[in-house]
Every structure is written in C-alpha cells, then in structure tokens.
Amino acid sequence: MSSLRLIIAAMAISLLSGCASSPDVPTMRSLIAQTTPVCVGEADCDAKWKAAQHWVVNYAGLPVHVVTDTLIDTYIGNTQDPRLIVRVTKVPLGADRFQILFFASCNYPYGCIPDKWNATINFNRTIDAIVQ
C-alpha cells in the first residue's frame, strides 16, 4: 500500500510541476505586443520580410508551403504533431509602415516544440533587430 501512495504522490508532483512551468499567458501576450516588429519604407520592409522567411525556414518545425509579399505559411502537420505550424503576415499600418505578425500553433495537446510563446518572442526580437 505504501508503494501505491508513493506512486500517486510522484504523479501528483509531476502534474503540479507541469502546471508550474506553464507560461503566464497575459505576461507573454503583453511581451509579444511590445516586441511585434514594424517596418518603415521599402528597404526596411524587404530586409525584415527576408529575415522573417529565413527565420521560418530555419526554426519552424514544418516546411514552408506558401511565400508571398504579405504571407509566409508552413504546412499543417498531422495530428499529434508537436512541431510549429507558422503563419506570418505583413499588415499595412499606413504611411508606408507595416506590422509583421507571427502566429504559431501545433496539433499536439501537450504543447508545441519549440514552445509557441517563446518562439513568437524570439521571432519578434530577431526581426525587429534587423535595421536597414
């Protein structure tokens, strides 16, 4: 009976520690909003858009499916696939300014690999650091 209690206690600790490592969603959303890249002018936008394509090719979990002047899309994985499904869009803000928005998800109920929140922040910071 004591070994059963030990197993149950270990499972409970494991489940609770998994919850403790979950990202703080409001904080992550705020950080993403603060780091969302904006480009101004043709040269800056071209450089940042090329960097976005490069990031997706090298860091998204799935191959690129579509690339246009305003959209980068990866293939959608099969079910139970933890790899990142990525969509990047270039949205006009007016006055030759564009916002580059990154969306990540996966088809795995236990989370994406890499973590979609951290991947989004990494993408935003990487693209925003490009100066033309």
# chains A, B, ... in the order shown; residues from 1 in each chain; ligands from 1
>>> residues_around(residues="Cys112 of chain A", least_positions_apart="6", cutoff="10 Å", atoms="only C-alpha atoms", output="PyMOL selection string")
chain A and resi 61+81-85+104-106+119
>>> write_last_selection(atoms="C-alpha atoms", output="PDB file, in the first residue's frame")
ATOM      1  CA  GLY A  61       9.022  22.787 -37.299  1.00  0.00           C
ATOM      2  CA  ASP A  81       2.492  16.614 -34.170  1.00  0.00           C
ATOM      3  CA  PRO A  82       4.268  18.970 -31.719  1.00  0.00           C
ATOM      4  CA  ARG A  83       6.171  20.852 -34.443  1.00  0.00           C
ATOM      5  CA  LEU A  84       5.292  24.512 -35.017  1.00  0.00           C
ATOM      6  CA  ILE A  85       2.751  25.487 -37.648  1.00  0.00           C
ATOM      7  CA  ALA A 104       2.282  29.799 -34.133  1.00  0.00           C
ATOM      8  CA  SER A 105       0.363  26.690 -33.153  1.00  0.00           C
ATOM      9  CA  CYS A 106       0.654  22.917 -33.326  1.00  0.00           C
ATOM     10  CA  ALA A 119       9.112  31.127 -30.497  1.00  0.00           C
TER      11      ALA A 119
END
>>> residues_around(residues="Thr74 of chain A", least_positions_apart="5", cutoff="12 Å", atoms="only C-alpha atoms", output="ChimeraX atom specification")
/A:53,55-67,83-88,102-106
>>> atom_distance(atom1="atom CA of Ile100 of chain A", atom2="atom CA of Gln132 of chain A")
15.4 Å
>>> residues_around(residues="Arg125 of chain A", least_positions_apart="2", cutoff="12 Å", atoms="only C-alpha atoms", output="PyMOL selection string")
chain A and resi 31-38+48+51-52+55+100-102+118-123+127-131
>>> select_by_dssp(residues="segment 1-121 of chain A", states="strand (DSSP E)", output="PyMOL selection string")
chain A and resi 38-40+64-67+71-74+85-94+97-105
>>> write_last_selection(atoms="N, CA, C and O atoms", output="compact mmCIF listing (two decimals), in the first residue's frame")
# COMPACT_ATOMS: atom_id res chain seq x y z
N VAL A 38 7.80 46.25 -36.64
CA VAL A 38 7.20 47.20 -37.59
C VAL A 38 8.33 47.61 -38.53
O VAL A 38 9.45 47.86 -38.10
N CYS A 39 8.00 47.67 -39.83
CA CYS A 39 8.98 48.14 -40.80
C CYS A 39 8.46 49.42 -41.44
O CYS A 39 7.25 49.65 -41.50
N VAL A 40 9.41 50.25 -41.88
CA VAL A 40 9.07 51.53 -42.49
C VAL A 40 9.86 51.66 -43.78
O VAL A 40 11.09 51.60 -43.76
N VAL A 64 8.04 25.25 -45.30
CA VAL A 64 7.28 26.37 -45.83
C VAL A 64 6.42 25.90 -46.99
O VAL A 64 6.86 25.15 -47.85
N HIS A 65 5.18 26.35 -46.98
CA HIS A 65 4.21 25.96 -48.01
C HIS A 65 3.95 27.11 -48.98
O HIS A 65 3.87 26.91 -50.18
N VAL A 66 3.79 28.33 -48.45
CA VAL A 66 3.45 29.49 -49.27
C VAL A 66 4.31 30.68 -48.83
O VAL A 66 4.45 30.92 -47.64
N VAL A 67 4.83 31.41 -49.81
CA VAL A 67 5.51 32.67 -49.55
C VAL A 67 5.03 33.68 -50.59
O VAL A 67 5.13 33.43 -51.79
N LEU A 71 2.51 37.12 -47.00
CA LEU A 71 2.17 35.89 -46.27
C LEU A 71 3.30 34.88 -46.36
O LEU A 71 3.86 34.65 -47.43
N ILE A 72 3.63 34.29 -45.21
CA ILE A 72 4.51 33.13 -45.13
C ILE A 72 3.75 32.08 -44.35
O ILE A 72 3.30 32.35 -43.23
N ASP A 73 3.57 30.92 -44.93
CA ASP A 73 2.79 29.84 -44.30
C ASP A 73 3.56 28.53 -44.36
O ASP A 73 4.14 28.20 -45.39
N THR A 74 3.55 27.79 -43.26
CA THR A 74 4.12 26.45 -43.29
C THR A 74 2.99 25.45 -43.55
O THR A 74 1.81 25.78 -43.46
N ILE A 85 3.44 25.04 -36.44
CA ILE A 85 2.75 25.49 -37.65
C ILE A 85 2.83 27.01 -37.57
O ILE A 85 2.44 27.61 -36.57
N VAL A 86 3.36 27.65 -38.62
CA VAL A 86 3.62 29.09 -38.56
C VAL A 86 2.92 29.81 -39.70
O VAL A 86 2.90 29.34 -40.83
N ARG A 87 2.40 30.97 -39.36
CA ARG A 87 1.86 31.92 -40.35
C ARG A 87 2.39 33.30 -39.98
O ARG A 87 2.28 33.73 -38.84
N VAL A 88 2.99 33.96 -40.97
CA VAL A 88 3.49 35.32 -40.79
C VAL A 88 2.77 36.19 -41.81
O VAL A 88 2.69 35.82 -42.99
N THR A 89 2.25 37.31 -41.36
CA THR A 89 1.57 38.23 -42.27
C THR A 89 2.17 39.62 -42.14
O THR A 89 2.65 40.02 -41.07
N LYS A 90 2.15 40.33 -43.24
CA LYS A 90 2.62 41.72 -43.26
C LYS A 90 1.38 42.59 -43.44
O LYS A 90 0.73 42.56 -44.48
N VAL A 91 1.06 43.38 -42.42
CA VAL A 91 -0.19 44.14 -42.37
C VAL A 91 0.11 45.63 -42.51
O VAL A 91 0.90 46.17 -41.72
N PRO A 92 -0.52 46.31 -43.48
CA PRO A 92 -0.27 47.75 -43.63
C PRO A 92 -0.83 48.56 -42.48
O PRO A 92 -1.94 48.32 -42.00
N LEU A 93 -0.02 49.52 -42.02
CA LEU A 93 -0.45 50.44 -40.97
C LEU A 93 -0.70 51.83 -41.54
O LEU A 93 -1.21 52.69 -40.83
N GLY A 94 -0.32 52.05 -42.78
CA GLY A 94 -0.43 53.37 -43.40
C GLY A 94 0.90 54.08 -43.39
O GLY A 94 1.81 53.74 -42.61
N ARG A 97 4.20 52.10 -43.58
CA ARG A 97 4.56 51.32 -42.39
C ARG A 97 3.78 50.02 -42.40
O ARG A 97 2.60 50.00 -42.77
N PHE A 98 4.44 48.93 -41.97
CA PHE A 98 3.81 47.62 -41.92
C PHE A 98 4.16 46.94 -40.61
O PHE A 98 5.27 47.11 -40.09
N GLN A 99 3.22 46.17 -40.11
CA GLN A 99 3.44 45.35 -38.92
C GLN A 99 3.63 43.92 -39.40
O GLN A 99 2.88 43.44 -40.26
N ILE A 100 4.61 43.21 -38.86
CA ILE A 100 4.86 41.83 -39.23
C ILE A 100 4.39 40.95 -38.08
O ILE A 100 4.98 40.96 -36.99
N LEU A 101 3.29 40.25 -38.33
CA LEU A 101 2.64 39.46 -37.28
C LEU A 101 2.97 37.98 -37.43
O LEU A 101 2.87 37.41 -38.51
N PHE A 102 3.31 37.35 -36.33
CA PHE A 102 3.71 35.94 -36.28
C PHE A 102 2.66 35.17 -35.49
O PHE A 102 2.30 35.56 -34.39
N PHE A 103 2.17 34.09 -36.07
CA PHE A 103 1.20 33.22 -35.39
C PHE A 103 1.77 31.81 -35.39
O PHE A 103 2.20 31.32 -36.43
N ALA A 104 1.76 31.16 -34.24
CA ALA A 104 2.28 29.80 -34.13
C ALA A 104 1.29 28.92 -33.40
O ALA A 104 0.61 29.37 -32.48
N SER A 105 1.21 27.68 -33.82
CA SER A 105 0.36 26.69 -33.15
C SER A 105 0.94 25.31 -33.48
O SER A 105 1.94 25.19 -34.17
